[in-house]
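The next block holds one structure in the form of structure tokens; read it before the comments.
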Amino acid sequence: MTATPETITRLQAQARQIRKDILTMIHAARSGHPGGSLSAADMVTALYFHFMRLDPARPRWEERDRFVLSKGHACPVWYACLARRGFFPVEQLLTLRKIDSLLQGHPDMLKTPGIDMTTGSLGQGLSAAVGMALGLKLDHKPARVYAILGDGELDEGQVWEAALSAAKFRLDNLLAIVDYNNLQLDGPCDQIMPVEPLAAKWEAFNWQVFEMDGNDMPQIVATIEAALQVRGRPAVIVAHTVKGKGVSFMENDCDWHGRAPDDEQYAQAIRELETAL
């Protein structure tokens, strides 16, 4: 699935739209998590608009690829991609976090079309993804499972139990991506609980490891393409990203982990995205 220059340009434009959607829904809700949603926007865009086999008309199609957003608080990026792919009307994005909305503050597979796994408690998503991938293997299904983890949630021991299981069962239909922006709720990850050497840790758990700039679309597409060629064991991509990517005053600022922009900040952020190359 080699991407042409035209495809890369299309994905970059789509990622800018997804970032605008993220900010618009969080601003409308006056609540949400922009930092980690923006850092993952390029990667989730690449998955949903280039790699994943999906049918919005049949959200539970058995042959579909599965996606797990383990860092569930970053769900605005997921909701935006689902809406733009046609799983529900784009206008629904403005109902984020409202009572009875399809779009709750964390993903709910019983409410939202296209959500494969309810997430929220950090550290649990990879276990769910392992179960999905193993089930697909046992059923001889060709579908793949993609899971995005936050770097802060790697503090949770359950992540590493799941990593052991994935290697044991040789789940080469599973691709994990670590959104490595090095910021979590309380500060820099390397100060709260250092995870380096991170690539070596995954290698020691018998995963095939890749690294990339998770905010550079050509690198994202090329790295995912390479990871999908791995056979006999699971693959993980350590994606170096910028928290709040695309909005100057949010970038690398932990204060924007879970804070909504006011009217002036929202207007400035949208201007920056609309004038970005």
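Order determines the names: the first chain of the structure tokens is A, the second B, and so forth; residues in each chain are numbered 1 upward, and ligands are numbered 1 upward as they are shown.
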When DSSP is applied to the backbone of this structure, which of region 197-236 of chain A are assigned strand (DSSP E)? Write them out as a tab-separated table (two decimals) with N, CA and C atoms, in the first residue's frame.
chain	number	residue	atom	x	y	z
A	208	GLN	N	8.78	-6.77	17.44
A	208	GLN	CA	9.54	-6.08	16.42
A	208	GLN	C	9.31	-4.59	16.60
A	209	VAL	N	10.39	-3.83	16.77
A	209	VAL	CA	10.27	-2.42	17.16
A	209	VAL	C	10.67	-1.50	16.01
A	210	PHE	N	9.87	-0.46	15.84
A	210	PHE	CA	10.16	0.61	14.88
A	210	PHE	C	10.09	1.93	15.64
A	211	GLU	N	10.78	2.94	15.13
A	211	GLU	CA	10.67	4.29	15.69
A	211	GLU	C	10.40	5.27	14.55
A	212	MET	N	9.70	6.35	14.87
A	212	MET	CA	9.39	7.33	13.83
A	212	MET	C	9.02	8.66	14.48
A	213	ASP	N	8.98	9.69	13.65
A	213	ASP	CA	8.39	10.98	14.02
A	213	ASP	C	6.89	10.82	13.81
A	235	ALA	N	4.25	-6.22	16.38
A	235	ALA	CA	5.10	-5.06	16.09
A	235	ALA	C	4.62	-3.87	16.91
A	236	VAL	N	5.56	-3.02	17.27
A	236	VAL	CA	5.26	-1.79	17.99
A	236	VAL	C	6.04	-0.66	17.36
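Pairwise distance (CA of Gly135 (chain A), CA of Thr45 (chain A)) equals 25.8 Å.
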Selection near Arg10 (chain A), 12 Å with only C-alpha atoms, sequence-local residues under 2 positions removed, as a ChimeraX atom specification = /A:3-8,12-17,42,45-46,49-50,217-218
Which of region 8-171 of chain A DSSP labels helix (DSSP H, G or I), written as a short mmCIF file (atom, residue, chain, number, x, y, z; two decimals) with C-alpha atoms, in the first residue's frame:
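Written out: part-v2.cif:
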data_model
loop_
_atom_site.label_atom_id
_atom_site.label_comp_id
_atom_site.auth_asym_id
_atom_site.auth_seq_id
_atom_site.Cartn_x
_atom_site.Cartn_y
_atom_site.Cartn_z
CA ILE A 8 0.53 12.11 1.52
CA THR A 9 -0.78 15.58 0.67
CA ARG A 10 -4.36 14.36 1.07
CA LEU A 11 -3.58 12.80 4.46
CA GLN A 12 -1.82 15.95 5.67
CA ALA A 13 -4.84 18.03 4.73
CA GLN A 14 -7.14 15.55 6.45
CA ALA A 15 -5.02 15.68 9.61
CA ARG A 16 -5.36 19.47 9.68
CA GLN A 17 -9.13 19.09 9.44
CA ILE A 18 -9.08 16.52 12.25
CA ARG A 19 -7.13 18.95 14.43
CA LYS A 20 -9.69 21.67 13.74
CA ASP A 21 -12.47 19.23 14.66
CA ILE A 22 -10.69 18.32 17.91
CA LEU A 23 -10.44 21.94 18.97
CA THR A 24 -13.98 22.76 17.86
CA MET A 25 -15.60 19.98 19.85
CA ILE A 26 -13.51 20.58 22.98
CA HIS A 27 -14.21 24.31 22.78
CA ALA A 28 -17.94 23.63 22.40
CA ALA A 29 -17.91 21.21 25.35
CA PRO A 34 -6.60 18.61 23.52
CA GLY A 35 -2.89 17.89 24.12
CA GLY A 36 -2.85 14.14 23.60
CA SER A 37 -5.56 14.28 20.94
CA LEU A 38 -3.47 16.67 18.83
CA SER A 39 -0.27 14.67 19.26
CA ALA A 41 -3.90 13.26 15.09
CA ASP A 42 -1.51 12.42 12.24
CA MET A 43 -1.25 8.76 13.20
CA VAL A 44 -4.97 8.16 13.69
CA THR A 45 -5.65 9.99 10.42
CA ALA A 46 -3.21 7.73 8.57
CA LEU A 47 -4.87 4.62 10.01
CA TYR A 48 -8.46 5.66 9.30
CA PHE A 49 -7.95 7.28 5.90
CA HIS A 50 -5.28 5.02 4.40
CA PHE A 51 -4.65 1.73 6.16
CA GLY A 72 -9.22 6.90 26.02
CA HIS A 73 -9.18 10.51 27.22
CA ALA A 74 -7.82 11.42 23.74
CA CYS A 75 -11.10 10.27 22.18
CA PRO A 76 -11.75 13.58 20.35
CA VAL A 77 -9.24 12.49 17.71
CA TRP A 78 -11.06 9.16 17.34
CA TYR A 79 -14.49 10.78 17.15
CA ALA A 80 -13.31 13.25 14.52
CA CYS A 81 -11.90 10.48 12.32
CA LEU A 82 -15.05 8.37 12.70
CA ALA A 83 -17.26 11.31 11.76
CA ARG A 84 -15.14 12.24 8.75
CA ARG A 85 -15.19 8.59 7.61
CA VAL A 90 -20.02 15.51 11.58
CA GLU A 91 -22.54 17.75 13.36
CA GLN A 92 -22.59 15.23 16.22
CA LEU A 93 -19.08 16.33 17.16
CA LEU A 94 -20.57 19.42 18.82
CA THR A 95 -22.34 17.16 21.34
CA GLY A 125 -6.26 -1.18 26.11
CA LEU A 126 -3.39 -3.39 24.98
CA SER A 127 -4.90 -6.35 26.84
CA ALA A 128 -8.15 -5.85 24.92
CA ALA A 129 -6.23 -5.55 21.65
CA VAL A 130 -4.36 -8.79 22.39
CA GLY A 131 -7.67 -10.55 22.98
CA MET A 132 -9.08 -9.21 19.71
CA ALA A 133 -5.98 -10.23 17.75
CA LEU A 134 -5.94 -13.72 19.27
CA GLY A 135 -9.64 -14.18 18.54
CA LEU A 136 -9.12 -13.16 14.92
CA LYS A 137 -6.24 -15.63 14.64
CA LEU A 138 -8.32 -18.47 16.07
CA GLY A 152 2.30 7.84 30.57
CA GLU A 153 0.17 4.70 30.73
CA LEU A 154 3.26 2.57 30.20
CA ASP A 155 3.67 3.06 33.96
CA GLY A 157 2.11 -3.10 34.79
CA GLN A 158 -0.83 -4.53 32.85
CA VAL A 159 0.67 -3.12 29.65
CA TRP A 160 3.71 -5.34 30.04
CA GLU A 161 1.64 -8.41 30.91
CA ALA A 162 -0.24 -7.87 27.65
CA ALA A 163 3.05 -7.42 25.81
CA LEU A 164 4.23 -10.80 27.08
CA SER A 165 1.01 -12.45 25.94
CA ALA A 166 1.16 -10.93 22.47
CA ALA A 167 4.67 -12.27 21.95
CA LYS A 168 3.77 -15.72 23.30
#
Region 135-158 of chain A residues near region 107-119 of chain A within 12 Å, closest pair each, using only C-alpha atoms, as a tab-separated table:
residue	atom	partner	partner_atom	distance
A:Val145	CA	A:Asp116	CA	10.1
A:Tyr146	CA	A:Asp116	CA	10.7
A:Ala147	CA	A:Met117	CA	10.4
A:Ile148	CA	A:Thr119	CA	11.3
A:Leu149	CA	A:Thr119	CA	11.1
Neighbour list for region 247-258 of chain A as a PyMOL selection string, cut-off 7 Å, only C-alpha atoms, skip fewer than 3 positions in-chain | chain A and resi 32-36+183-185+187+242-244+269+272
For CA of Gln265 (chain A) and CA of Lys245 (chain A), determine how far apart the two atoms are, in Å to one decimal place.
->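 According to the coordinates, CA of Gln265 (chain A) and CA of Lys245 (chain A) are separated by 14.8 Å.
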Mind checking which residues fall within 10 Å of Ser31 (chain A), counting only C-alpha atoms, ignoring those fewer than 6 positions away in the same chain, and posting them as a PyMOL selection string?
-> chain A and resi 25+96-97+105+258-261
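Between Arg58 (chain A) and the candidates A:Leu122, A:Ile192, A:Gly86, A:Gly150, the tightest atom-to-atom separation, counting only C-alpha atoms, involves A:Gly86.
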If we count only C-alpha atoms, what is near Arg53 (chain A) at a cut-off of 9 Å, once residues fewer than 2 positions away on the same chain are taken out, given as a ChimeraX atom specification?
-> /A:48,50-51,55,63-66,143-144
